[in-house]
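Heads up, the thing below is written out as structure tokens.
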Amino acid sequence: QAKTYELAMITDIGDIDDKSFNQGTWEGLRDYAVEHKITHKYYKPTEASTDAYIAAIDLAVSSGAKVVVTPGFLFEEAIYIAQDKYPEIMFILLDGVPHDANYENFKTGPNVFPVVYAEEHCGYLAGYAAVVDGYRNLGYQGGMAVPAVCRYGFGYVQGANDAARDLGLAKGSIKIMYNYSGDFADTPASQTRAAGWYQAGTEVIFAAGGKVGNSVMSAAEAANKAVIGVDVDQSAESPTVISSAMKGLATMVQYGLKGFYAGKFPGGEAVTVGAESNAVSLAPFSTSKWKTFSQADYDALFAKLANGTIVPEKDLDRTNPTELKLDYVKLTFVE
Amino acid sequence: MDMLYLLLRQTMYFSIPLLIVALGGMFSERSGVTNIALEGIMVMGGFTGIYFINQMQSQMSGQWLLVLAIFIAMAGGLLLSLPHAYASVNLKADQVISGTALNMFAPAFVIYIARMIQPSGIANVSFKNTFFIHEVPVLCDIPVIGDILFKNTYITTFLGFFILIVSAIVLYKTRFGMRLRACGEHPHAADSVGINVYKMRYIGVMISGVLAGLGGLVLTVPISTEFKGAVNGYGFLALAVLIFGQWKPMRILWASLFFGFMQTISAAYSAIPFLLNLNIPSEFFKMTPYIATLIVLAFSSKSSKAPKAVGQPYDQGAR
Amino acid sequence: MDYIIEMLNIRKEFPGIVANDDITLRIKKTEIHALLGENGAGKSTLMSILFGLYKPEAGVIKLRGKEINISDPKTASHLGIGMVHQHFKLVEDFTVLENIILGAETVKNGFLKMDEAKKKVMELSNRYKLYIDPDAKVSNITVGMQQRVEILKMLYRENEILIFDEPTAVLTPQEIDELMDIMKELSKEGKSLIFITHKLEEIKKVADRVTVLRRGKCIGTYNVEDVTKESLSEMMVGRKVQFTVDKKDITPGETIFEVKNLSMKTKGSTKNTLNKISFKVRKNEIVCIAGIDGNGQSELVYALTGIRHFDEGQILVHGEDWTKKSIRYRNSHGMSHIPEDRHKYGLILEYSMAYNLILQTYFTDRFQKRGFLKNDSIHEYADGLIKKYDIRSGQGAQTVTRSMSGGNQQKVILAREIDKDPSIMIAVQPARGLDVGATEFIHKKLVEQRESGKAVLLISLELEEIMNLSDRILVIYEGELVGDLDPKKTTIQELGLYMAGAKRDEVKA
Amino acid sequence: MSNRNSMNQFFDRLSRKKGTGSFISSLVAIGIGLIIGLIILLISNPREAFAGFFTMLIGGFNDGTRSFGNVFYIATPIIMTGLAVGFAFKTGLFNIGASGQFIVGAYVAVLIGVKLPQLGGFQWVLGILAAMAIGTIWEAVPGLLKAYLNVHEVIASIMMNYIGMFMVNYLIKQTVLNVYTNRSLAVAPTANIPKMGLTAIFPGSSINGGFLIAILFVILMYIILEKTTFGYELKACGHNRFAAKYAGINENRSIILSMAISGMLAGVGGALHYLSGAGVYIEVVDVLAAQGFTGISVSLLGMSNPIGVFFAGIFIAWLQIGGFYMQRYSFVPEFIQIITAIIIYCSAASLLIRNYLELRQLKKDENLTADSDGDTADIVNVENQGGDK
Ligand SMILES: Nc1ncnc2c1ncn2[C@@H]1O[C@H](COP(=O)(O)OP(=O)(O)OP(=O)(O)O)[C@@H](O)[C@H]1O
Ligand SMILES: Nc1ncnc2c1ncn2[C@@H]1O[C@H](COP(=O)(O)OP(=O)(O)OP(=O)(O)O)[C@@H](O)[C@H]1O
Ligand SMILES: [Mg+2]
Ligand SMILES: [Mg+2]
């Protein structure tokens, strides 16, 4: 007879070590489970389809899962269906809200806790900090143009724009190269693109694309330039990483689990979490390499995001950043 | 001008691994064994080499570490090429079968192994790149060449050219090379003059294993800071370069440089103002290396021919 | 008795056939020992065993009285055994020189020393009058030169025991004579020779003793002086064989096949491969194109059969212009073609014999219906031909053609081409590699064609065949027709002069 | 006794049939591969090895009819790409470009599925037809290049893979992009291939009429290759292009047609997958479609024979489903890939096994003819020996 596992995670197309949704989620779940000695396991679906995700959820449930954590918007349809199929099972859906295939019906049952991150917040922090720190030539290297990746980028350019304005720089004095690589892989192409940018004058690249970041770091090492990491504190991966824009995947997973074991599962409604709930941040100053950007600058900026003084644009309909209002930034969108 | 030099240097990151792996494939195919397993072998070599660096980098760093890792990667590739040789030579199997099997096997295997042997069960093997050479003393002052080859480079680039020269000499100027080619053209003829076709084919495949394994490492070092069981189709591209290069060393060099340069342009166009201002979607830039290759092939393939016996299992008894 | 080689009680099986059944062969030192046998008798197999290519299931091989184990050709070579194979074993992409030294290279630290090797090869070449161009690629040289390369390969290795597997099948009369002289010379120098041939007069000419095989079994070994051609052939096939063909006297009828001013250019050369070739073949006529190999015969045949395009000229069949007709049209409107290279053009070796027998007729209503093959009809048809043409193989119509002996493969082609009942038959070396029985058979078939009112165009290198069969001889030399001779009024010597280009006439269609 | 005899005769006839030898040898290869797989399982986790192995073996039985249906669902596209690769193999060509054909086929099917709901019940049919057309064109390009310009089909197909992938990524962005997910939009319900009653047999699974369509193509390809003059021509070209020319077969036409048909099959695979109604969308990502490469494995395992490809596709899907359920134990899914690879590798040995079987058959035949009169004594003898041991 097979063992049972109380906490389950289903991976999306990525692996549990994708430096992104899957990894952050899994680490949060694992750490919580280990600490509280709860059986836990992750499952890989046979393919990236709604049916396959449901089959994986079925497998998890039949193997004893009480809480199923699903990272990524790819699970939106599957959870939409599964929440009714398994009313007694709790679902934590990161980065998405349950709906049907045509976005006609949205529903979040009491057993679903959907969390959407305000990546534009930490992207904003990164862009702002970079300009305050003296960088004028910036780059944004996204992976696939999925919503989270776009939000990071949007926040980043707006942060840079606002910092230039606040510093009293001339209009158009900040240059930003902006691109989605189209994959999440470390390839010679991504390394070359970054190397080209650095050669052409770019000083720092915010790399938000899983392993694409490794290629950017590699190019930065060769060119002696800087990188801003993503999702988790990536300072250990390369000396070129001056900071990272982080989102608390683990925090929210553990928040949900804590609630479940306390009998107060926070389901029924989607939450968007950003600075106000301390779910996003920059990497701590202890591991960062800012020259002039200070803890005080950071705290002040963070407070503004948290209390809603600053609300970065994050319109999901657009992957294209050129429609943002940017006076101080000369943006080159490499389509 | 600096941008041009950068592009040429970047070209090496595409071209050198393709060159090394395609040369490896050349030895295998020239001996008569199709090697579609290059992709899998690269993965294996990349993994062993990078894992070695990962383990040793606390004790040592720089060129010596890389040199050792090169040998380890070669050994890794060699190891994986053996089953291909066994199936192709001893079992007289369809040579595409074992190649396909190895391509499927290697990524899964190295991820599985990485999860087993790494403390946190993580499949990514990370490494610190301490191998970059900013300038090669003296040589970097040579005009043009110095800027292209001897600045911001890796020893693997020179290794690539070294392997090219050795390969061309071995293939055309040595007894071994002549016998190897005979086995790929007409194994029965080779056999009838006392050449051990099986042995030559084993060696051919093993060389391809060594070089493809090395290629996996050479590909990864300059472009990432970790390795996770994938070389993203480079093995198949090397196969394409091998065919593009018509199974001949010098042509393989030109093919890999051509393809590498086109790839570089398509990746770095956004840093080149006049290309950027064309306002062409990136997908079209990404397509150009492949379309250009097709066009060049269309004009240059009339006389192209593969080694005659490639892909055919050698059976002494057959007529 | 002082035997240098003894093969005792050798047995070798292939799937479905015992190729060598308890065969014993003893070779004396310095003798020329002929090995004779019909197609598929097991000659090549026996020699391949001696040369280490096959391992026998039973039997012992002794060299100078000592039992030896020849595990591979390398061992054979070390023991001084060399072999010229029936199907040449040359690397086409290599030069002549590279082919000769392959496997026995002169090297220094693993690097080739081609100059030394070349010197040695040229010495041998001059000494034995085996003229070659050391730097030519094998793919560009004539079959005759390839033969010489094969012989040089053996001599280069300084072998003591030389096996010649049908070396004369593709040579011109002059070349054959030269080869005979070389063989005698070699035996005088102390080498022992094994010589496989189907041509009995060659055996009479050079061999000291002869061993006859039949269907895998040894019939006996005889002194050549003691046997006649007739008795040999009887031993070989088990019945009497006729050497000359009875031909009725018929006056040729109307023209069936006509070629006008056919020319084919050579790539990168001003000289034409074929130059203004014109001739006619009439009803009830066998016209022979004679010539030394490499004078444009192959190209002419490719042009006539539609395999290769040519630049100028016209082909007429029954007055109809066929110049631009497809191969399919030619195949199905009365042209048959027995190709020179049976492996390259004649057969699909991976297909069964049955499928090869319908290679040009699979689309006819007899073998297909609405695009579907009628396998029953096909096999029935194949079985009929196999019987009619005595084609021998392991598994009948199902046999994979690759596994058949050369002679029987040739019979498959013959059966197919003759059975099409063509009005014009183009036969290139149809008896190449066939035993006397089979040769007699094919010759008879060609004459039958002629007598049933068909036209036959025969391209051959064998003068005897030419003189025997043809009603008219056209001589081709350097891509041009240089003689139109009547075999009854011509001698072999005269024909030889035309072929060598020493004599020429204006030839008009 | 007589019963046993007729049984023997039956098996004798069976083993003499052409395909049977290769079928048995494939089974042996699979057996060997599975045993090696079990050994690996035992090494990595002895406690759960047998349970896990069993789970893998029963594949489609793990979750009743549902997992069974899912085996067929997963098999459908890889049968199609397997057919594509196998068909080209049969004619001596290596179509390594099934990925490209698959994805362009998928794109046009999805495009029609999204944009033309007014077609109603005809929508999915048109989707498949369009995929056939574009797949045909896509691989006809390497075919043409090969036939007229002697470009090696492997390199041309590899290039076409990438061109197809980037082209589709671009076109999706222009036409049917779901900006929320960076994937293609959902197709209209009428664009999904009808279930054709299959969900009644396999409730809860993703199976749909696409599976039946794949079967249709399997049968069609089998007939074309084995029963028709067209197949005869194609195979002739594959084996010996010179002899084919000699026979009056238009070699260039055969190359182009063979590649085109191969491309068509892979294109249909793309349509069947993305019109399956299982909630799959084309992802805008710079990664080649995996089904194209799986197709190579499937076709090799099936020895390029359409029927063989069919069973090979199901077999690989079976393992995949088995592997999925193996996650009940502590086995990572990479295992399945490792084991499948080993089985494919072992199928390389099937030639050896087949030869062995044939040899045995021949020996048997010989014995029969050799001592057809006095064989009873022999048999007694053999049995005695057996008894002694
Ligand atoms: N058959 C041969 N024997 C000796 N040397 C050769 C041979 N073929 C090529 N070489 C030499 O080896 C080196 C590399 O050969 P390679 O064939 O790659 O060059 P290439 O320019 O592509 O030649 P090719 O004109 O044959 O296409 C060159 O210096 C070439 O001259
Ligand atoms: N490799 C092989 N596999 C299967 N059968 C073979 C093989 N080699 C030879 N045979 C069979 O063995 C028999 C003897 O063949 P072999 O080539 O020795 O004949 P041969 O006397 O040289 O005939 P020929 O005069 O036609 O060359 C033939 O029936 C042939 O079909
Ligand atoms: Mg060359
Ligand atoms: Mg013979």
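Order determines the names: the first chain of the structure tokens is A, the second B, and so forth; residues in each chain are numbered 1 upward, and ligands are numbered 1 upward as they are shown.
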- Go through the chains and note each residue within 9 Å of ligand 3, using only C-alpha atoms and all ligand atoms, then give the set as a list in words. Ala168, Tyr172, Trp247, Lys248, Pro249, Met250 and Arg251 of chain B
Restricted to C-alpha atoms, what would the selected residues look like written as a short mmCIF file (atom, residue, chain, number, x, y, z; two decimals), in the first residue's frame?
data_model
loop_
_atom_site.label_atom_id
_atom_site.label_comp_id
_atom_site.auth_asym_id
_atom_site.auth_seq_id
_atom_site.Cartn_x
_atom_site.Cartn_y
_atom_site.Cartn_z
CA ALA B 168 42.05 17.68 -40.28
CA TYR B 172 43.82 13.18 -44.01
CA TRP B 247 31.70 15.94 -43.43
CA LYS B 248 34.93 17.86 -44.02
CA PRO B 249 36.85 19.67 -41.28
CA MET B 250 37.50 22.97 -43.02
CA ARG B 251 33.98 23.24 -44.28
#
- Query: Can you tell me which residues sit at most 9 Å away from ligand 2, counting only C-alpha atoms and all ligand atoms, written as a PyMOL selection string?
  - Reply: (chain B and resi 316-319) or (chain C and resi 12-20+36-48+54+86+165-166+196-198+213-216+392-394+401-410+433-435)
- Do you know which residues are at most 10 Å from Pro110 in chain A counting only C-alpha atoms, after dropping those on the same chain fewer than 3 positions away, and could you put them as number ranges by chain? A: 83, 87-88, 90-91, 107, 113, 265-269
- Task: Identify which of the residues A:Val34, A:Leu59, A:Val149, A:Ala262 lies closest to Gly72 in chain A, counting only C-alpha atoms when measuring atom-to-atom distances.
- Result: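 With only C-alpha atoms as the atom set, the closest residue is A:Val149.
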- Task: Residues within 10 Å of ligand 1 should be enumerated using only C-alpha atoms and all ligand atoms and returned as an NGL selection string.
- Result: (:B and (164-165 or 167-174 or 177-178 or 181 or 245-254 or 304)) or (:C and (93-95 or 98 or 112 or 114 or 137))
Quick one: write out the picked residues with N, CA, C and O atoms as a tab-separated table (two decimals), in the first residue's frame?
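What landed in again-v6.tsv:
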chain	number	residue	atom	x	y	z
B	164	LEU	N	40.28	21.42	-34.36
B	164	LEU	CA	40.04	21.47	-35.79
B	164	LEU	C	41.29	21.05	-36.57
B	164	LEU	O	41.24	20.20	-37.46
B	165	ILE	N	42.41	21.67	-36.20
B	165	ILE	CA	43.65	21.38	-36.93
B	165	ILE	C	44.03	19.91	-36.76
B	165	ILE	O	44.34	19.20	-37.72
B	167	SER	N	42.12	17.49	-36.05
B	167	SER	CA	41.15	16.63	-36.76
B	167	SER	C	41.48	16.54	-38.24
B	167	SER	O	41.46	15.45	-38.82
B	168	ALA	N	41.76	17.70	-38.85
B	168	ALA	CA	42.05	17.68	-40.28
B	168	ALA	C	43.30	16.86	-40.56
B	168	ALA	O	43.34	16.06	-41.50
B	169	ILE	N	44.32	17.02	-39.71
B	169	ILE	CA	45.55	16.25	-39.93
B	169	ILE	C	45.30	14.77	-39.73
B	169	ILE	O	45.68	13.93	-40.54
B	170	VAL	N	44.64	14.45	-38.63
B	170	VAL	CA	44.39	13.04	-38.35
B	170	VAL	C	43.59	12.41	-39.48
B	170	VAL	O	43.90	11.31	-39.95
B	171	LEU	N	42.59	13.14	-39.94
B	171	LEU	CA	41.71	12.56	-40.96
B	171	LEU	C	42.42	12.33	-42.29
B	171	LEU	O	42.19	11.33	-42.96
B	172	TYR	N	43.25	13.25	-42.67
B	172	TYR	CA	43.82	13.18	-44.01
B	172	TYR	C	45.27	12.74	-44.06
B	172	TYR	O	45.74	12.30	-45.10
B	173	LYS	N	45.97	12.92	-42.98
B	173	LYS	CA	47.42	12.68	-43.08
B	173	LYS	C	47.90	11.45	-42.31
B	173	LYS	O	49.08	11.14	-42.35
B	174	THR	N	47.02	10.82	-41.60
B	174	THR	CA	47.51	9.68	-40.82
B	174	THR	C	46.90	8.37	-41.32
B	174	THR	O	45.87	8.36	-41.99
B	177	GLY	N	43.41	7.95	-39.91
B	177	GLY	CA	42.38	8.71	-40.62
B	177	GLY	C	41.98	8.06	-41.92
B	177	GLY	O	40.80	7.97	-42.27
B	178	MET	N	42.98	7.58	-42.63
B	178	MET	CA	42.68	6.96	-43.92
B	178	MET	C	41.83	5.70	-43.71
B	178	MET	O	40.87	5.46	-44.44
B	181	ARG	N	38.25	6.63	-42.76
B	181	ARG	CA	37.45	7.06	-43.91
B	181	ARG	C	37.05	5.88	-44.78
B	181	ARG	O	35.94	5.82	-45.30
B	245	GLY	N	28.67	21.24	-43.43
B	245	GLY	CA	30.10	21.20	-43.70
B	245	GLY	C	30.53	20.00	-44.51
B	245	GLY	O	31.73	19.76	-44.69
B	246	GLN	N	29.55	19.27	-45.01
B	246	GLN	CA	29.83	18.13	-45.90
B	246	GLN	C	30.88	17.17	-45.35
B	246	GLN	O	31.72	16.65	-46.07
B	247	TRP	N	30.86	16.95	-44.05
B	247	TRP	CA	31.70	15.94	-43.43
B	247	TRP	C	33.20	16.23	-43.60
B	247	TRP	O	34.01	15.34	-43.53
B	248	LYS	N	33.52	17.51	-43.84
B	248	LYS	CA	34.93	17.86	-44.02
B	248	LYS	C	35.33	18.93	-43.02
B	248	LYS	O	34.61	19.92	-42.86
B	249	PRO	N	36.50	18.79	-42.39
B	249	PRO	CA	36.85	19.67	-41.28
B	249	PRO	C	36.79	21.16	-41.63
B	249	PRO	O	36.17	21.94	-40.91
B	250	MET	N	37.44	21.55	-42.72
B	250	MET	CA	37.50	22.97	-43.02
B	250	MET	C	36.11	23.54	-43.26
B	250	MET	O	35.75	24.62	-42.82
B	251	ARG	N	35.33	22.77	-43.99
B	251	ARG	CA	33.98	23.24	-44.28
B	251	ARG	C	33.12	23.28	-43.03
B	251	ARG	O	32.23	24.11	-42.89
B	252	ILE	N	33.38	22.36	-42.13
B	252	ILE	CA	32.63	22.38	-40.87
B	252	ILE	C	32.96	23.67	-40.12
B	252	ILE	O	32.08	24.30	-39.53
B	253	LEU	N	34.23	24.07	-40.19
B	253	LEU	CA	34.59	25.34	-39.55
B	253	LEU	C	33.78	26.48	-40.15
B	253	LEU	O	33.16	27.27	-39.44
B	254	TRP	N	33.79	26.56	-41.48
B	254	TRP	CA	33.07	27.66	-42.12
B	254	TRP	C	31.57	27.59	-41.80
B	254	TRP	O	30.94	28.60	-41.53
B	304	SER	N	27.13	17.69	-52.83
B	304	SER	CA	27.35	17.18	-51.48
B	304	SER	C	27.03	15.70	-51.38
B	304	SER	O	26.03	15.22	-51.89
C	93	ASP	N	35.88	6.76	-53.32
C	93	ASP	CA	36.24	8.13	-53.03
C	93	ASP	C	37.75	8.30	-52.87
C	93	ASP	O	38.25	9.40	-52.75
C	94	PHE	N	38.47	7.19	-52.84
C	94	PHE	CA	39.91	7.24	-52.66
C	94	PHE	C	40.61	7.21	-54.01
C	94	PHE	O	40.04	6.79	-55.01
C	95	THR	N	41.87	7.63	-54.00
C	95	THR	CA	42.64	7.51	-55.23
C	95	THR	C	43.11	6.07	-55.39
C	95	THR	O	43.03	5.26	-54.47
C	98	GLU	N	45.82	5.32	-52.88
C	98	GLU	CA	45.30	5.12	-51.52
C	98	GLU	C	44.66	3.74	-51.39
C	98	GLU	O	44.82	3.06	-50.39
C	112	LEU	N	51.14	9.20	-42.69
C	112	LEU	CA	51.30	8.49	-43.95
C	112	LEU	C	52.53	9.00	-44.70
C	112	LEU	O	52.82	10.20	-44.70
C	114	MET	N	53.20	8.89	-48.25
C	114	MET	CA	52.64	8.51	-49.54
C	114	MET	C	53.71	8.43	-50.63
C	114	MET	O	53.60	7.63	-51.55
C	137	LYS	N	40.94	9.25	-59.01
C	137	LYS	CA	39.97	8.69	-58.08
C	137	LYS	C	39.37	7.43	-58.68
C	137	LYS	O	39.08	7.40	-59.87
- Query: Looking only at the backbone, which of the residues in range 164-287 of chain B does DSSP tag as alpha helix (DSSP H), as a PyMOL selection string?
  - Reply: chain B and resi 164-173+175-185+187-192+197-220+234-244+249-268+273-276+282-287
- CA of Asp208 in chain C and CA of Lys188 in chain C are how many Å apart?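 Answer for the CA of Asp208 in chain C to CA of Lys188 in chain C separation: 12.4 Å.
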- Item | Exercise: Glu120 in chain A partners within 8 Å, only C-alpha atoms, chain neighbours under 4 positions left out, as a PyMOL selection string | chain A and resi 124+151-156+312-314
- Tell me which protein, DNA and RNA residues are within 10 Å of Leu34 in chain D, counting only C-alpha atoms, leaving out same-chain ones fewer than 2 positions away, and put them as a list in words.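 Here the qualifying residues turn out to be Val28, Ala29, Ile30, Gly31, Ile32, Ile36, Gly37, Leu38, Ile39, Ile40, Phe53, Met56, Leu57, Ile339, Thr340, Ile342, Ile343 and Cys346 of chain D.
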Output N, CA and C atoms for every residue in that selection, as a PDB file, in the first residue's frame.
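Final output, again-v8.pdb:
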ATOM      1  N   VAL D  28      10.471  -9.188 -26.895  1.00  0.00           N
ATOM      2  CA  VAL D  28      11.641  -9.581 -26.109  1.00  0.00           C
ATOM      3  C   VAL D  28      12.423  -8.338 -25.693  1.00  0.00           C
ATOM      4  N   ALA D  29      12.587  -7.413 -26.647  1.00  0.00           N
ATOM      5  CA  ALA D  29      13.328  -6.183 -26.343  1.00  0.00           C
ATOM      6  C   ALA D  29      12.648  -5.418 -25.213  1.00  0.00           C
ATOM      7  N   ILE D  30      11.328  -5.335 -25.302  1.00  0.00           N
ATOM      8  CA  ILE D  30      10.596  -4.625 -24.255  1.00  0.00           C
ATOM      9  C   ILE D  30      10.802  -5.318 -22.914  1.00  0.00           C
ATOM     10  N   GLY D  31      10.759  -6.645 -22.964  1.00  0.00           N
ATOM     11  CA  GLY D  31      10.969  -7.418 -21.737  1.00  0.00           C
ATOM     12  C   GLY D  31      12.313  -7.104 -21.112  1.00  0.00           C
ATOM     13  N   ILE D  32      13.340  -7.121 -21.932  1.00  0.00           N
ATOM     14  CA  ILE D  32      14.679  -6.845 -21.416  1.00  0.00           C
ATOM     15  C   ILE D  32      14.739  -5.432 -20.838  1.00  0.00           C
ATOM     16  N   ILE D  36      15.667  -4.254 -16.942  1.00  0.00           N
ATOM     17  CA  ILE D  36      16.695  -3.280 -16.561  1.00  0.00           C
ATOM     18  C   ILE D  36      16.062  -2.151 -15.760  1.00  0.00           C
ATOM     19  N   GLY D  37      14.871  -1.733 -16.202  1.00  0.00           N
ATOM     20  CA  GLY D  37      14.157  -0.688 -15.476  1.00  0.00           C
ATOM     21  C   GLY D  37      13.907  -1.099 -14.029  1.00  0.00           C
ATOM     22  N   LEU D  38      13.484  -2.325 -13.858  1.00  0.00           N
ATOM     23  CA  LEU D  38      13.216  -2.825 -12.506  1.00  0.00           C
ATOM     24  C   LEU D  38      14.488  -2.785 -11.667  1.00  0.00           C
ATOM     25  N   ILE D  39      15.584  -3.148 -12.304  1.00  0.00           N
ATOM     26  CA  ILE D  39      16.851  -3.139 -11.562  1.00  0.00           C
ATOM     27  C   ILE D  39      17.168  -1.727 -11.083  1.00  0.00           C
ATOM     28  N   ILE D  40      16.951  -0.755 -11.980  1.00  0.00           N
ATOM     29  CA  ILE D  40      17.224   0.629 -11.566  1.00  0.00           C
ATOM     30  C   ILE D  40      16.307   1.034 -10.401  1.00  0.00           C
ATOM     31  N   PHE D  53       7.067  -0.552  -9.826  1.00  0.00           N
ATOM     32  CA  PHE D  53       7.197  -1.236 -11.103  1.00  0.00           C
ATOM     33  C   PHE D  53       5.846  -1.750 -11.577  1.00  0.00           C
ATOM     34  N   MET D  56       3.761   0.961 -12.874  1.00  0.00           N
ATOM     35  CA  MET D  56       4.155   1.361 -14.223  1.00  0.00           C
ATOM     36  C   MET D  56       3.620   0.363 -15.253  1.00  0.00           C
ATOM     37  N   LEU D  57       3.756  -0.916 -14.925  1.00  0.00           N
ATOM     38  CA  LEU D  57       3.336  -1.955 -15.876  1.00  0.00           C
ATOM     39  C   LEU D  57       1.855  -1.888 -16.170  1.00  0.00           C
ATOM     40  N   ILE D 339      13.477   4.784 -18.322  1.00  0.00           N
ATOM     41  CA  ILE D 339      13.092   3.410 -18.675  1.00  0.00           C
ATOM     42  C   ILE D 339      12.655   3.323 -20.137  1.00  0.00           C
ATOM     43  N   THR D 340      11.886   4.306 -20.584  1.00  0.00           N
ATOM     44  CA  THR D 340      11.488   4.304 -21.993  1.00  0.00           C
ATOM     45  C   THR D 340      12.731   4.326 -22.879  1.00  0.00           C
ATOM     46  N   ILE D 342      15.628   3.185 -22.205  1.00  0.00           N
ATOM     47  CA  ILE D 342      16.293   1.876 -22.173  1.00  0.00           C
ATOM     48  C   ILE D 342      15.545   0.879 -23.043  1.00  0.00           C
ATOM     49  N   ILE D 343      14.224   0.953 -23.010  1.00  0.00           N
ATOM     50  CA  ILE D 343      13.456   0.016 -23.841  1.00  0.00           C
ATOM     51  C   ILE D 343      13.717   0.287 -25.323  1.00  0.00           C
ATOM     52  N   CYS D 346      16.954  -1.104 -26.120  1.00  0.00           N
ATOM     53  CA  CYS D 346      16.926  -2.564 -26.235  1.00  0.00           C
ATOM     54  C   CYS D 346      16.278  -2.998 -27.541  1.00  0.00           C
TER      55      CYS D 346
END
- Query: If we count only C-alpha atoms, which residues of chain C reach to within 6 Å of chain B? Please list them as a list of chain:residue names.
  - Reply: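 For chain C, the answer reads C:Pro73, C:Lys74, C:Lys89, C:Leu90, C:Val91, C:Gly103, C:Gly110, C:Phe111, C:Leu112.
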- Item | Separation of CA of Met499 in chain C from CA of Val447 in chain C, in Å and rounded to one decimal | 24.3 Å
Against chain A, which residues of chain B fall within 7 Å? For each one I want the closest pair of atoms and the distance in Å (one decimal), counting only C-alpha atoms, rows by chain and increasing residue number, as a tab-separated table.
residue	atom	partner	partner_atom	distance
B:Met3	CA	A:Gln199	CA	6.7
B:Gln10	CA	A:Thr192	CA	6.3
B:Tyr13	CA	A:Pro188	CA	6.7
B:Phe14	CA	A:Pro188	CA	6.4
B:Ile122	CA	A:Asp17	CA	6.0
B:Ala123	CA	A:Asp17	CA	6.6
B:Asn124	CA	A:Asp17	CA	6.9
B:Phe132	CA	A:Ala222	CA	6.9
B:Asn152	CA	A:Ala222	CA	7.0
B:Pro222	CA	A:Ser218	CA	6.5
B:Ile223	CA	A:Ser215	CA	5.0
B:Ser224	CA	A:Ser215	CA	4.5
B:Thr225	CA	A:Asn214	CA	5.3
B:Thr264	CA	A:Thr192	CA	6.5
B:Ala267	CA	A:Ala189	CA	5.0
B:Ala268	CA	A:Arg193	CA	4.4
B:Ser270	CA	A:Val334	CA	6.3
B:Ala271	CA	A:Gly196	CA	5.2
B:Pro281	CA	A:Glu335	CA	5.4
B:Ser282	CA	A:Glu335	CA	5.5
- Task: At a cut-off of 6 Å, list the chain D residues touching chain B, using only C-alpha atoms, as a PyMOL selection string.
- Result: chain D and resi 149-151+155+159+163+166+334+338+341+344-345+348-349
Can you spit out the residues from that selection as a short mmCIF file (atom, residue, chain, number, x, y, z; two decimals), in the first residue's frame, using C-alpha atoms?
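To be explicit, this is the file written out as again-v3.cif:
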data_model
loop_
_atom_site.label_atom_id
_atom_site.label_comp_id
_atom_site.auth_asym_id
_atom_site.auth_seq_id
_atom_site.Cartn_x
_atom_site.Cartn_y
_atom_site.Cartn_z
CA LEU D 149 18.97 20.74 -55.14
CA ASN D 150 20.33 17.71 -53.30
CA VAL D 151 19.98 19.37 -49.90
CA ILE D 155 19.47 19.55 -42.11
CA MET D 159 16.00 24.30 -40.10
CA ILE D 163 11.49 28.42 -38.78
CA PHE D 166 9.36 31.13 -34.62
CA GLU D 334 12.22 11.23 -14.84
CA ILE D 338 14.95 6.69 -18.38
CA ALA D 341 14.92 5.22 -23.29
CA ILE D 344 14.04 1.87 -27.08
CA TYR D 345 17.70 1.10 -26.76
CA ALA D 348 17.97 -1.91 -31.11
CA ALA D 349 18.87 -5.45 -30.19
#
